[in-house]
Amino acid sequence: MTQTMPTLTFKVGPKISDKEFEELSTFIYERTGIAIPATRKYLVENRLGSRISALKLSSFGDYAKFLRVAPGKEREFEQLCELVTTNETSFFRDPRQLDVFRDEALNEVVERQKKAGKQELSIWSAGCSTGEEPYTLGIMLHEMLRMAIIGWRIRITAADLSPAVLEKAKAGLYGDYALRNTSPDMLARYFTKESGGYRIHPKVAKLVTFTRLNLNDRAALKAVPRSQIVFCRNVIIYFDDDMKKRVISSFYDNLVDGGYLVLGHSESIHKISRAFSPIIKPGGIVYRKL
Ligand SMILES: C[S@@+](CC[C@H](N)C(=O)[O-])C[C@H]1O[C@@H](n2cnc3c(N)ncnc32)[C@H](O)[C@@H]1O
C-alpha cells in the first residue's frame, strides 16, 4: 500500500539581511532610544514581518524606507512602537520594592508637603504600559492618606510611547493575570467586578492622567509637570548607556530638590549618574535627588 504524505504549507515571511537589520535597528534607536543588539535580529524579523505583508511590501528594506518617507509614516511608527516594546507589568509589581518606596520615600514626601502646608503631590510614571503601575500608586496614596486624600491635589502623570497600551490603560479594565499580586482586600476596595474583568475605581482613576510621551524626546519631557517622585521601572533596561544618561538627566531636571527616583529592581544608575543618593534597603533601592 502506498502512502501519500500530507502536504504541509508554511507561510514563510521575508528574511531580514544584516544590512536591513542595521537600517531598522538604527531607525528604532534614533526614534525611541531602544537599543536592539545584533543577537536579537530574529526578534525584529519575527515581530515586524507582519507589517511587511500588511503594507504589501516585499522586503525589510522596503519597510525601512516606508518608515522614513511614506505619507503614512507617523501612523506606521505607532505600529512599530507597539511591536518593538515589551509591555509586561502588573498591579503591585515587586511588592517588596513598593514597601521600601512607601516607607523611605512616599511617607517622607507626604510629611514634607504637609509641613510646608502644601497638600499637593505630583508623580510621573514614565513607561506606564497598560496602567497597572500608576493605578497602584494611586491605590497606595489612598491607603496612606485615607479620608484626608479629599483635601489633596494629586496628579499622577502616566506616560508611554505606545498608543495601544495607553488605550488599555485608560479603559481601566483588568483580568486575573494583571491582578495576580493584588490581595482580595485591595481588590474589594479599589475594583468593581464586571463581565469583562475588574474595573479600577473612579476615585483611583481620577488621580491619573495618561499621555503619549517618548522618553527620547527631550523637549517633550520638559513639558511634564515637576514631580516629587518619578517612577521608571523596567524601562531603561531597553536603552543603551547614552540613552540612559539622557533619560536620567531629564528625570533629574523634572524632580524637585529632595525628590525621589524609583527604577526597576534589576536596574541601576551606578555608572550613569552621581546626582542621586541611593537609599539601599532589603527589598529595594530608591534614589534621592541631591
Ligand atoms: C516592561 S514595561 C514596564 C511597565 C511598568 N513600568 C512596570 O514596571 O511594570 C516597559 C514600558 O516602557 C515603554 N517604553 C519603552 N521605550 C519607551 C520610550 N522611549 N518612551 C516611553 N516609553 C517607552 C514601553 O512601551 C513599555 O510599556
# chains A, B, ... in the order shown; residues from 1 in each chain; ligands from 1
call {"tool": "residues_near_ligand", "arguments": {"ligand": "ligand 1", "cutoff": "6 Å", "atoms": "only C-alpha atoms and all ligand atoms", "output": "PyMOL selection string"}}
result
chain A and resi 32-33+85-90+127-129+133+160-162+213-216+232-235
call {"tool": "select_by_dssp", "arguments": {"residues": "range 143-247 of chain A", "states": "strand (DSSP E or B)", "output": "MDAnalysis selection string"}}
result
chainID A and resid 153:160 173:174 191:194 197:200 208:212 227:232 239
call {"tool": "write_last_selection", "arguments": {"atoms": "C-alpha atoms", "output": "mmCIF file, in the first residue's frame"}}
result
data_model
loop_
_atom_site.group_PDB
_atom_site.id
_atom_site.type_symbol
_atom_site.label_atom_id
_atom_site.label_comp_id
_atom_site.auth_asym_id
_atom_site.auth_seq_id
_atom_site.Cartn_x
_atom_site.Cartn_y
_atom_site.Cartn_z
ATOM 1 C CA ARG A 153 -4.330 67.794 44.891
ATOM 2 C CA ILE A 154 -2.706 64.686 43.439
ATOM 3 C CA ARG A 155 -1.555 64.361 39.853
ATOM 4 C CA ILE A 156 -0.047 61.122 38.551
ATOM 5 C CA THR A 157 1.215 61.710 35.007
ATOM 6 C CA ALA A 158 1.355 58.301 33.368
ATOM 7 C CA ALA A 159 3.176 58.270 30.049
ATOM 8 C CA ASP A 160 4.205 55.733 27.471
ATOM 9 C CA LEU A 173 -10.385 47.047 32.921
ATOM 10 C CA TYR A 174 -8.160 44.162 34.004
ATOM 11 C CA PHE A 191 -12.096 47.496 41.838
ATOM 12 C CA THR A 192 -15.579 46.568 40.712
ATOM 13 C CA LYS A 193 -16.236 43.211 39.104
ATOM 14 C CA GLU A 194 -17.722 43.387 35.605
ATOM 15 C CA GLY A 197 -12.873 41.668 34.396
ATOM 16 C CA TYR A 198 -12.188 44.128 37.211
ATOM 17 C CA ARG A 199 -12.644 47.875 36.696
ATOM 18 C CA ILE A 200 -10.407 50.286 38.612
ATOM 19 C CA VAL A 208 -4.105 59.518 36.898
ATOM 20 C CA THR A 209 -3.670 61.344 33.568
ATOM 21 C CA PHE A 210 -2.428 59.253 30.659
ATOM 22 C CA THR A 211 -0.378 60.807 27.902
ATOM 23 C CA ARG A 212 1.783 59.684 24.998
ATOM 24 C CA SER A 227 7.406 65.939 40.293
ATOM 25 C CA GLN A 228 8.186 64.890 43.836
ATOM 26 C CA ILE A 229 8.516 61.306 42.606
ATOM 27 C CA VAL A 230 9.469 59.703 39.279
ATOM 28 C CA PHE A 231 8.726 56.041 38.753
ATOM 29 C CA CYS A 232 10.518 54.467 35.792
ATOM 30 C CA PHE A 239 18.234 51.534 26.495
#
call {"tool": "residues_around", "arguments": {"residues": "range 39-44 of chain A", "least_positions_apart": "4", "cutoff": "10 Å", "atoms": "only C-alpha atoms", "output": "PDB file with N, CA and C atoms, in the first residue's frame"}}
result
ATOM      1  N   LYS A  15      13.051  37.196   4.834  1.00  0.00           N
ATOM      2  CA  LYS A  15      14.170  37.145   5.780  1.00  0.00           C
ATOM      3  C   LYS A  15      14.767  38.544   5.869  1.00  0.00           C
ATOM      4  N   ILE A  16      15.347  38.844   7.018  1.00  0.00           N
ATOM      5  CA  ILE A  16      15.987  40.157   7.157  1.00  0.00           C
ATOM      6  C   ILE A  16      17.498  40.002   6.950  1.00  0.00           C
ATOM      7  N   SER A  17      18.067  40.834   6.080  1.00  0.00           N
ATOM      8  CA  SER A  17      19.524  40.762   5.861  1.00  0.00           C
ATOM      9  C   SER A  17      20.223  41.573   6.949  1.00  0.00           C
ATOM     10  N   ASP A  18      21.545  41.402   7.068  1.00  0.00           N
ATOM     11  CA  ASP A  18      22.307  42.170   8.071  1.00  0.00           C
ATOM     12  C   ASP A  18      22.152  43.672   7.819  1.00  0.00           C
ATOM     13  N   GLU A  20      19.671  45.241   6.298  1.00  0.00           N
ATOM     14  CA  GLU A  20      18.310  45.691   6.637  1.00  0.00           C
ATOM     15  C   GLU A  20      18.139  45.789   8.148  1.00  0.00           C
ATOM     16  N   PHE A  21      18.723  44.821   8.865  1.00  0.00           N
ATOM     17  CA  PHE A  21      18.640  44.870  10.336  1.00  0.00           C
ATOM     18  C   PHE A  21      19.319  46.136  10.853  1.00  0.00           C
ATOM     19  N   GLU A  22      20.489  46.419  10.290  1.00  0.00           N
ATOM     20  CA  GLU A  22      21.243  47.611  10.696  1.00  0.00           C
ATOM     21  C   GLU A  22      20.394  48.871  10.469  1.00  0.00           C
ATOM     22  N   LEU A  24      17.059  49.140  10.150  1.00  0.00           N
ATOM     23  CA  LEU A  24      15.863  49.214  11.009  1.00  0.00           C
ATOM     24  C   LEU A  24      16.221  49.443  12.473  1.00  0.00           C
ATOM     25  N   SER A  25      17.254  48.756  12.956  1.00  0.00           N
ATOM     26  CA  SER A  25      17.596  48.932  14.375  1.00  0.00           C
ATOM     27  C   SER A  25      18.127  50.346  14.623  1.00  0.00           C
ATOM     28  N   LEU A  48       8.350  42.210  13.141  1.00  0.00           N
ATOM     29  CA  LEU A  48       7.992  43.194  12.113  1.00  0.00           C
ATOM     30  C   LEU A  48       7.567  42.558  10.791  1.00  0.00           C
ATOM     31  N   GLY A  49       7.746  41.249  10.674  1.00  0.00           N
ATOM     32  CA  GLY A  49       7.381  40.552   9.438  1.00  0.00           C
ATOM     33  C   GLY A  49       5.930  40.806   9.047  1.00  0.00           C
ATOM     34  N   PHE A  60      12.287  43.878   4.126  1.00  0.00           N
ATOM     35  CA  PHE A  60      12.519  44.748   5.281  1.00  0.00           C
ATOM     36  C   PHE A  60      13.142  46.077   4.843  1.00  0.00           C
ATOM     37  N   LEU A  83       5.114  47.068  18.386  1.00  0.00           N
ATOM     38  CA  LEU A  83       5.760  45.782  18.119  1.00  0.00           C
ATOM     39  C   LEU A  83       7.139  45.660  18.760  1.00  0.00           C
ATOM     40  N   VAL A  84       7.827  46.769  18.952  1.00  0.00           N
ATOM     41  CA  VAL A  84       9.188  46.649  19.496  1.00  0.00           C
ATOM     42  C   VAL A  84       9.257  46.834  21.015  1.00  0.00           C
TER      43      VAL A  84
END
call {"tool": "select_by_dssp", "arguments": {"residues": "range 43-144 of chain A", "states": "alpha helix (DSSP H)", "output": "short mmCIF file (atom, residue, chain, number, x, y, z; two decimals) with C-alpha atoms, in the first residue's frame"}}
result
data_model
loop_
_atom_site.label_atom_id
_atom_site.label_comp_id
_atom_site.auth_asym_id
_atom_site.auth_seq_id
_atom_site.Cartn_x
_atom_site.Cartn_y
_atom_site.Cartn_z
CA LEU A 43 13.18 39.34 17.11
CA VAL A 44 12.98 42.15 14.55
CA GLU A 45 12.35 39.59 11.79
CA ASN A 46 9.57 37.87 13.78
CA ARG A 47 7.87 40.93 15.17
CA LEU A 48 7.99 43.19 12.11
CA GLY A 49 7.38 40.55 9.44
CA SER A 50 3.61 41.01 9.77
CA ARG A 51 3.90 44.70 8.83
CA ILE A 52 5.52 43.84 5.51
CA SER A 53 2.56 41.73 4.40
CA ALA A 54 0.03 44.18 5.91
CA PHE A 60 12.52 44.75 5.28
CA GLY A 61 14.44 47.27 3.17
CA ASP A 62 11.13 48.50 1.72
CA TYR A 63 9.73 48.69 5.24
CA ALA A 64 12.66 50.81 6.45
CA LYS A 65 12.08 53.15 3.51
CA PHE A 66 8.33 53.28 4.25
CA LEU A 67 9.06 54.34 7.85
CA ARG A 68 11.24 57.20 6.64
CA VAL A 69 9.37 58.60 3.64
CA LYS A 73 4.99 57.04 8.21
CA GLU A 74 3.88 58.54 11.56
CA ARG A 75 0.97 56.08 11.91
CA GLU A 76 3.31 53.28 10.98
CA PHE A 77 5.76 54.49 13.62
CA GLU A 78 2.98 53.98 16.19
CA GLN A 79 2.52 50.40 14.96
CA LEU A 80 6.25 49.89 15.16
CA CYS A 81 6.30 51.15 18.76
CA GLU A 82 3.72 48.53 19.69
CA LEU A 83 5.76 45.78 18.12
CA VAL A 84 9.19 46.65 19.50
CA PRO A 95 5.75 44.29 46.35
CA ARG A 96 8.90 44.37 48.49
CA GLN A 97 10.28 47.24 46.45
CA LEU A 98 6.95 49.06 46.79
CA ASP A 99 7.17 48.67 50.58
CA VAL A 100 10.62 50.25 50.54
CA PHE A 101 9.29 53.05 48.33
CA ASN A 107 6.00 58.83 53.66
CA GLU A 108 8.75 61.38 53.74
CA VAL A 109 7.39 63.33 50.75
CA VAL A 110 3.87 63.40 52.20
CA GLU A 111 5.15 64.64 55.58
CA ARG A 112 7.34 67.26 53.90
CA GLN A 113 4.42 68.58 51.86
CA LYS A 114 2.20 68.68 54.96
CA LYS A 115 4.83 70.64 56.90
CA GLU A 132 -1.17 48.95 36.42
CA GLU A 133 1.80 50.90 37.85
CA PRO A 134 0.22 54.39 38.07
CA TYR A 135 -3.06 52.93 39.37
CA THR A 136 -1.06 51.01 42.01
CA LEU A 137 0.49 54.33 43.06
CA GLY A 138 -3.00 55.84 43.27
CA ILE A 139 -4.15 52.96 45.49
CA MET A 140 -1.07 53.37 47.72
CA LEU A 141 -1.90 57.06 48.16
CA HIS A 142 -5.49 56.21 49.12
CA GLU A 143 -4.16 53.69 51.63
CA MET A 144 -1.75 56.20 53.12
#
call {"tool": "atom_distance", "arguments": {"atom1": "CA of Arg218 in chain A", "atom2": "CA of Trp124 in chain A"}}
result
15.1 Å
